[in-house]
>>> print(open('protein_15.pdb').read())   # PDB, C-alpha atoms, pLDDT in the B column
MODEL        1
ATOM      1  CA  MET R   2      99.424  -9.879 -38.288  1.00 86.00           C
ATOM      2  CA  ILE R   3     101.617 -12.049 -40.535  1.00 89.00           C
ATOM      3  CA  ILE R   4     103.099 -13.687 -37.430  1.00 94.00           C
ATOM      4  CA  ASN R   5      99.702 -14.307 -35.794  1.00 94.00           C
ATOM      5  CA  ILE R   6      98.340 -15.809 -39.010  1.00 94.00           C
ATOM      6  CA  SER R   7     101.342 -18.083 -39.441  1.00 96.00           C
ATOM      7  CA  PHE R   8     101.041 -19.192 -35.821  1.00 95.00           C
ATOM      8  CA  ILE R   9      97.386 -20.214 -36.176  1.00 96.00           C
ATOM      9  CA  ASN R  10      98.148 -21.896 -39.509  1.00 96.00           C
ATOM     10  CA  GLU R  11     100.902 -23.949 -37.928  1.00 96.00           C
ATOM     11  CA  PHE R  12      98.785 -24.617 -34.827  1.00 96.00           C
ATOM     12  CA  SER R  13      95.925 -25.858 -37.047  1.00 96.00           C
ATOM     13  CA  MET R  14      98.266 -28.432 -38.611  1.00 95.00           C
ATOM     14  CA  PHE R  15      99.121 -29.635 -35.104  1.00 96.00           C
ATOM     15  CA  CYS R  16      95.433 -29.842 -34.172  1.00 95.00           C
ATOM     16  CA  GLU R  17      94.658 -31.771 -37.368  1.00 93.00           C
ATOM     17  CA  LYS R  18      97.272 -34.398 -36.415  1.00 94.00           C
ATOM     18  CA  LEU R  19      95.655 -34.657 -32.978  1.00 95.00           C
ATOM     19  CA  GLY R  20      92.180 -34.968 -34.489  1.00 94.00           C
ATOM     20  CA  ILE R  21      91.046 -31.736 -32.831  1.00 94.00           C
ATOM     21  CA  ASP R  22      88.972 -29.061 -34.589  1.00 93.00           C
ATOM     22  CA  VAL R  23      91.096 -25.922 -34.197  1.00 95.00           C
ATOM     23  CA  ARG R  24      87.989 -23.752 -34.440  1.00 94.00           C
ATOM     24  CA  GLU R  25      86.733 -25.363 -31.218  1.00 95.00           C
ATOM     25  CA  VAL R  26      90.054 -24.475 -29.568  1.00 95.00           C
ATOM     26  CA  ILE R  27      89.696 -20.862 -30.753  1.00 95.00           C
ATOM     27  CA  LYS R  28      86.101 -20.787 -29.482  1.00 94.00           C
ATOM     28  CA  ALA R  29      87.253 -22.008 -26.055  1.00 95.00           C
ATOM     29  CA  ALA R  30      90.091 -19.458 -25.985  1.00 93.00           C
ATOM     30  CA  ALA R  31      87.602 -16.699 -26.804  1.00 93.00           C
ATOM     31  CA  THR R  32      85.953 -17.238 -23.406  1.00 93.00           C
ATOM     32  CA  LYS R  33      88.893 -15.374 -21.869  1.00 88.00           C
ATOM     33  CA  PRO R  34      87.380 -12.039 -20.765  1.00 84.00           C
ATOM     34  CA  TYR R  35      90.282  -9.801 -21.848  1.00 87.00           C
ATOM     35  CA  GLY R  36      93.228  -9.514 -24.217  1.00 87.00           C
ATOM     36  CA  PHE R  37      92.079 -12.080 -26.771  1.00 89.00           C
ATOM     37  CA  MET R  38      91.985 -11.490 -30.513  1.00 91.00           C
ATOM     38  CA  PRO R  39      90.967 -14.510 -32.563  1.00 92.00           C
ATOM     39  CA  PHE R  40      92.893 -15.509 -35.663  1.00 93.00           C
ATOM     40  CA  TYR R  41      91.675 -18.321 -37.861  1.00 93.00           C
ATOM     41  CA  PRO R  42      93.610 -20.751 -40.051  1.00 94.00           C
ATOM     42  CA  SER R  43      93.605 -20.364 -43.793  1.00 93.00           C
ATOM     43  CA  ILE R  44      95.287 -21.367 -46.978  1.00 94.00           C
ATOM     44  CA  GLY R  45      97.811 -18.561 -46.451  1.00 92.00           C
ATOM     45  CA  VAL R  46      97.761 -14.789 -46.743  1.00 93.00           C
ATOM     46  CA  GLY R  47      96.829 -12.566 -49.641  1.00 92.00           C
ATOM     47  CA  GLY R  48      95.943  -9.039 -50.555  1.00 90.00           C
ATOM     48  CA  HIS R  49      98.037  -5.973 -51.034  1.00 86.00           C
ATOM     49  CA  CYS R  50      99.437  -5.575 -47.513  1.00 89.00           C
ATOM     50  CA  ILE R  51      99.869  -8.602 -45.188  1.00 87.00           C
ATOM     51  CA  PRO R  52     101.919 -10.789 -47.565  1.00 83.00           C
ATOM     52  CA  VAL R  53     103.939  -7.838 -48.910  1.00 87.00           C
ATOM     53  CA  ASP R  54     104.476  -5.025 -46.407  1.00 90.00           C
ATOM     54  CA  PRO R  55     106.233  -7.060 -43.672  1.00 91.00           C
ATOM     55  CA  LEU R  56     108.741  -8.212 -46.293  1.00 90.00           C
ATOM     56  CA  TYR R  57     109.685  -4.597 -47.048  1.00 90.00           C
ATOM     57  CA  LEU R  58     110.435  -4.212 -43.353  1.00 91.00           C
ATOM     58  CA  SER R  59     112.360  -7.473 -43.290  1.00 93.00           C
ATOM     59  CA  ASN R  60     114.449  -6.526 -46.329  1.00 92.00           C
ATOM     60  CA  LYS R  61     115.313  -3.138 -44.861  1.00 94.00           C
ATOM     61  CA  ALA R  62     116.209  -4.734 -41.531  1.00 95.00           C
ATOM     62  CA  ARG R  63     118.489  -7.205 -43.327  1.00 93.00           C
ATOM     63  CA  GLU R  64     120.211  -4.304 -45.137  1.00 95.00           C
ATOM     64  CA  LEU R  65     120.861  -2.708 -41.731  1.00 96.00           C
ATOM     65  CA  GLY R  66     122.139  -5.931 -40.201  1.00 96.00           C
ATOM     66  CA  ALA R  67     119.099  -6.420 -37.967  1.00 95.00           C
ATOM     67  CA  PRO R  68     117.390  -9.567 -39.261  1.00 88.00           C
ATOM     68  CA  THR R  69     113.708 -10.100 -38.525  1.00 93.00           C
ATOM     69  CA  ARG R  70     113.573 -13.862 -38.132  1.00 94.00           C
ATOM     70  CA  PHE R  71     109.943 -13.952 -36.953  1.00 94.00           C
ATOM     71  CA  ILE R  72     108.759 -12.152 -40.075  1.00 94.00           C
ATOM     72  CA  ASP R  73     110.820 -14.395 -42.330  1.00 95.00           C
ATOM     73  CA  LEU R  74     109.627 -17.577 -40.612  1.00 96.00           C
ATOM     74  CA  ALA R  75     106.009 -16.381 -40.641  1.00 95.00           C
ATOM     75  CA  ASP R  76     106.257 -15.686 -44.371  1.00 94.00           C
ATOM     76  CA  GLN R  77     107.753 -19.139 -44.961  1.00 96.00           C
ATOM     77  CA  ILE R  78     104.957 -20.869 -43.023  1.00 96.00           C
ATOM     78  CA  ASN R  79     102.239 -18.935 -44.844  1.00 95.00           C
ATOM     79  CA  GLN R  80     103.866 -19.591 -48.234  1.00 96.00           C
ATOM     80  CA  GLU R  81     103.908 -23.339 -47.477  1.00 97.00           C
ATOM     81  CA  MET R  82     100.184 -23.574 -46.663  1.00 97.00           C
ATOM     82  CA  PRO R  83      98.965 -24.165 -50.249  1.00 98.00           C
ATOM     83  CA  GLY R  84     101.406 -27.087 -50.593  1.00 98.00           C
ATOM     84  CA  TYR R  85     100.247 -28.460 -47.261  1.00 97.00           C
ATOM     85  CA  PHE R  86      96.670 -28.506 -48.545  1.00 97.00           C
ATOM     86  CA  VAL R  87      97.705 -30.140 -51.818  1.00 98.00           C
ATOM     87  CA  GLY R  88      99.119 -32.949 -49.662  1.00 97.00           C
ATOM     88  CA  ARG R  89      95.934 -33.095 -47.576  1.00 97.00           C
ATOM     89  CA  ALA R  90      93.884 -33.264 -50.791  1.00 98.00           C
ATOM     90  CA  GLU R  91      95.996 -36.186 -52.030  1.00 98.00           C
ATOM     91  CA  GLU R  92      95.447 -38.030 -48.754  1.00 97.00           C
ATOM     92  CA  LYS R  93      91.714 -37.337 -48.746  1.00 97.00           C
ATOM     93  CA  VAL R  94      91.023 -38.768 -52.213  1.00 98.00           C
ATOM     94  CA  GLY R  95      93.882 -41.260 -52.570  1.00 97.00           C
ATOM     95  CA  GLY R  96      95.975 -39.295 -55.057  1.00 97.00           C
ATOM     96  CA  LEU R  97      95.128 -36.459 -57.414  1.00 98.00           C
ATOM     97  CA  GLN R  98      95.950 -37.912 -60.839  1.00 98.00           C
ATOM     98  CA  ALA R  99      92.896 -37.297 -63.101  1.00 98.00           C
ATOM     99  CA  LYS R 100      90.722 -36.321 -60.114  1.00 98.00           C
ATOM    100  CA  LYS R 101      88.214 -33.529 -60.638  1.00 98.00           C
ATOM    101  CA  VAL R 102      88.841 -30.908 -57.948  1.00 98.00           C
ATOM    102  CA  LEU R 103      86.774 -27.792 -57.320  1.00 98.00           C
ATOM    103  CA  VAL R 104      88.408 -24.896 -55.469  1.00 98.00           C
ATOM    104  CA  VAL R 105      85.738 -22.845 -53.718  1.00 98.00           C
ATOM    105  CA  GLY R 106      86.653 -19.162 -53.500  1.00 97.00           C
ATOM    106  CA  VAL R 107      89.707 -17.688 -55.216  1.00 98.00           C
ATOM    107  CA  ALA R 108      89.647 -14.217 -53.638  1.00 97.00           C
ATOM    108  CA  TYR R 109      92.234 -13.751 -50.921  1.00 95.00           C
ATOM    109  CA  LYS R 110      89.548 -13.358 -48.236  1.00 94.00           C
ATOM    110  CA  PRO R 111      85.791 -13.867 -47.869  1.00 95.00           C
ATOM    111  CA  ASN R 112      83.252 -11.475 -49.354  1.00 96.00           C
ATOM    112  CA  VAL R 113      85.631  -9.536 -51.614  1.00 96.00           C
ATOM    113  CA  ALA R 114      86.499  -9.904 -55.294  1.00 96.00           C
ATOM    114  CA  ASP R 115      90.189  -9.138 -54.775  1.00 95.00           C
ATOM    115  CA  VAL R 116      92.665 -11.774 -55.972  1.00 97.00           C
ATOM    116  CA  ARG R 117      95.879  -9.827 -55.364  1.00 95.00           C
ATOM    117  CA  GLU R 118      98.521 -12.171 -53.927  1.00 95.00           C
ATOM    118  CA  THR R 119      95.874 -14.872 -53.392  1.00 97.00           C
ATOM    119  CA  PRO R 120      97.394 -18.113 -52.119  1.00 97.00           C
ATOM    120  CA  VAL R 121      94.871 -19.947 -54.301  1.00 98.00           C
ATOM    121  CA  THR R 122      97.238 -19.414 -57.240  1.00 98.00           C
ATOM    122  CA  ALA R 123      99.801 -21.700 -55.590  1.00 98.00           C
ATOM    123  CA  LEU R 124      97.086 -24.167 -54.495  1.00 98.00           C
ATOM    124  CA  ILE R 125      95.733 -24.574 -58.028  1.00 98.00           C
ATOM    125  CA  GLY R 126      99.250 -24.826 -59.453  1.00 98.00           C
ATOM    126  CA  GLY R 127     100.140 -27.546 -56.945  1.00 98.00           C
ATOM    127  CA  LEU R 128      96.952 -29.487 -57.650  1.00 98.00           C
ATOM    128  CA  LYS R 129      97.548 -29.342 -61.401  1.00 98.00           C
ATOM    129  CA  ASN R 130     101.185 -30.403 -60.949  1.00 98.00           C
ATOM    130  CA  ARG R 131      99.906 -33.558 -59.239  1.00 98.00           C
ATOM    131  CA  GLY R 132      97.590 -34.309 -62.168  1.00 98.00           C
ATOM    132  CA  ALA R 133      94.280 -32.943 -60.888  1.00 98.00           C
ATOM    133  CA  GLN R 134      91.709 -31.437 -63.228  1.00 98.00           C
ATOM    134  CA  VAL R 135      90.994 -28.187 -61.399  1.00 98.00           C
ATOM    135  CA  SER R 136      87.960 -25.928 -61.695  1.00 98.00           C
ATOM    136  CA  TRP R 137      87.084 -23.061 -59.394  1.00 98.00           C
ATOM    137  CA  HIS R 138      83.979 -21.281 -58.185  1.00 98.00           C
ATOM    138  CA  ASP R 139      83.829 -17.635 -57.118  1.00 98.00           C
ATOM    139  CA  ASP R 140      80.911 -15.548 -58.365  1.00 96.00           C
ATOM    140  CA  LEU R 141      82.475 -12.412 -56.902  1.00 97.00           C
ATOM    141  CA  VAL R 142      85.570 -12.873 -59.076  1.00 97.00           C
ATOM    142  CA  LYS R 143      83.807 -14.450 -62.110  1.00 96.00           C
ATOM    143  CA  GLU R 144      86.889 -14.432 -64.412  1.00 97.00           C
ATOM    144  CA  TRP R 145      90.492 -14.988 -63.389  1.00 97.00           C
ATOM    145  CA  ASN R 146      93.655 -16.125 -65.154  1.00 95.00           C
ATOM    146  CA  GLY R 147      91.752 -16.589 -68.406  1.00 95.00           C
ATOM    147  CA  GLU R 148      89.208 -18.933 -66.811  1.00 96.00           C
ATOM    148  CA  LYS R 149      85.624 -18.493 -65.658  1.00 97.00           C
ATOM    149  CA  SER R 150      83.975 -19.457 -62.418  1.00 97.00           C
ATOM    150  CA  VAL R 151      81.992 -22.712 -62.623  1.00 98.00           C
ATOM    151  CA  ASP R 152      78.783 -23.440 -60.733  1.00 95.00           C
ATOM    152  CA  LEU R 153      78.736 -25.075 -57.335  1.00 96.00           C
ATOM    153  CA  ASN R 154      77.379 -28.536 -58.082  1.00 95.00           C
ATOM    154  CA  VAL R 155      78.019 -32.252 -57.802  1.00 96.00           C
ATOM    155  CA  GLY R 156      80.362 -34.146 -60.092  1.00 95.00           C
ATOM    156  CA  PHE R 157      83.686 -33.425 -58.411  1.00 98.00           C
ATOM    157  CA  ASP R 158      85.939 -35.872 -56.619  1.00 98.00           C
ATOM    158  CA  LEU R 159      86.841 -33.191 -54.061  1.00 98.00           C
ATOM    159  CA  ALA R 160      85.934 -29.609 -53.183  1.00 98.00           C
ATOM    160  CA  ILE R 161      88.518 -27.480 -51.391  1.00 98.00           C
ATOM    161  CA  ILE R 162      87.169 -24.487 -49.501  1.00 97.00           C
ATOM    162  CA  ALA R 163      89.734 -21.728 -49.847  1.00 97.00           C
ATOM    163  CA  SER R 164      87.638 -18.595 -49.284  1.00 96.00           C
ATOM    164  CA  LEU R 165      84.001 -19.023 -48.302  1.00 95.00           C
ATOM    165  CA  HIS R 166      81.836 -16.057 -49.312  1.00 96.00           C
ATOM    166  CA  ALA R 167      78.540 -15.440 -47.499  1.00 96.00           C
ATOM    167  CA  TYR R 168      76.456 -16.207 -50.624  1.00 96.00           C
ATOM    168  CA  MET R 169      77.923 -19.683 -51.142  1.00 96.00           C
ATOM    169  CA  ASP R 170      75.594 -22.630 -50.565  1.00 96.00           C
ATOM    170  CA  LEU R 171      77.771 -25.693 -50.058  1.00 96.00           C
ATOM    171  CA  THR R 172      74.731 -27.997 -50.038  1.00 96.00           C
ATOM    172  CA  LYS R 173      74.877 -27.701 -53.840  1.00 97.00           C
ATOM    173  CA  LEU R 174      77.975 -29.924 -53.680  1.00 97.00           C
ATOM    174  CA  GLY R 175      75.883 -32.878 -52.512  1.00 97.00           C
ATOM    175  CA  ASP R 176      78.095 -35.595 -51.008  1.00 96.00           C
ATOM    176  CA  THR R 177      81.267 -34.297 -52.638  1.00 97.00           C
ATOM    177  CA  PRO R 178      84.092 -34.736 -50.110  1.00 97.00           C
ATOM    178  CA  ILE R 179      85.195 -31.356 -48.740  1.00 97.00           C
ATOM    179  CA  LEU R 180      88.605 -30.232 -47.550  1.00 97.00           C
ATOM    180  CA  ASP R 181      88.182 -27.078 -45.484  1.00 95.00           C
ATOM    181  CA  THR R 182      91.349 -24.958 -45.380  1.00 95.00           C
ATOM    182  CA  ARG R 183      89.836 -22.879 -42.578  1.00 90.00           C
ATOM    183  CA  GLY R 184      90.641 -25.428 -39.905  1.00 79.00           C
ATOM    184  CA  SER R 185      87.923 -28.031 -39.747  1.00 63.00           C
ATOM    185  CA  ILE R 186      89.187 -31.588 -39.580  1.00 54.00           C
TER     186      ILE R 186
ENDMDL
END
>>> encode(input="protein_15.pdb", output="structure tokens")
Amino acid sequence: MIINISFINEFSMFCEKLGIDVREVIKAAATKPYGFMPFYPSIGVGGHCIPVDPLYLSNKARELGAPTRFIDLADQINQEMPGYFVGRAEEKVGGLQAKKVLVVGVAYKPNVADVRETPVTALIGGLKNRGAQVSWHDDLVKEWNGEKSVDLNVGFDLAIIASLHAYMDLTKLGDTPILDTRGSI
């Protein structure tokens, strides 16, 4: 899974440069009548297994002299995704210094309250390092890292969709520019 996720993450960056919506490419690929399993781009991987378990395997393989380059490269690509989206955010709003940014969804995947190994930690850290004033919204998580979820509303320079839960109504953001980490250009 870590390799498939890193592949679609890297492929989505390629599609973005081409001006193609990667979700449309996935939709077209899904018309294949057999052997297709869709993977969707994201801000990276999180949870208690995908970002951790393959690295145990990789470490053991390294100890035995049998490196697992695909696993290591996949981990590197997935770890770089939050930084990639910090750069995209900078481009979208012309720099992040003193910009009010809302991160939508801090759980590592939709419709759960689990923040273990969430790549949103690195995203928020990167945004703050570039001078952004970062708030986040996730009513499933409510409190995280000593902060509380804020309401979805207008008044932000940018909203970044990291993990979109089913209950979320993005129309509450009004005309706030949106950066969708799930692959929409």
>>> residues_around(input="protein_15.pdb", residues="segment 12-21 of chain R", least_positions_apart="4", cutoff="8 Å", atoms="all atoms listed in the file", output="PyMOL selection string")
chain R and resi 8+25+42+184+186
>>> atom_distance(input="protein_15.pdb", atom1="atom CA of Gly132 of chain R", atom2="atom CA of Val102 of chain R")
10.3 Å
>>> residues_around(input="protein_15.pdb", residues="segment 94-96 of chain R", least_positions_apart="5", cutoff="10 Å", atoms="only C-alpha atoms", output="number ranges by chain")
R: 87-89, 102, 131-133, 158-159, 178
>>> closest_residue(input="protein_15.pdb", among="R:Gly126, R:Trp145, R:Asn60, R:Asp76", to="Met2 of chain R", atoms="all atoms listed in the file")
R:Asp76
>>> atom_distance(input="protein_15.pdb", atom1="atom CA of Leu124 of chain R", atom2="atom CA of Asp22 of chain R")
22.0 Å
>>> axis_aligned_box(input="protein_15.pdb", around="segment 37-48 of chain R", padding_each_side="5 Å", output="lines of an AutoDock Vina configuration file")
center_x = 94.4
center_y = -15.2
center_z = -38.7
size_x = 16.8
size_y = 22.3
size_z = 33.8
>>> closest_residue(input="protein_15.pdb", among="R:Leu171, R:Ala160, R:Ile9, R:Val151", to="Lys93 of chain R", atoms="all atoms listed in the file")
R:Ala160
>>> atom_distance(input="protein_15.pdb", atom1="atom CA of Gly48 of chain R", atom2="atom CA of Val116 of chain R")
6.9 Å
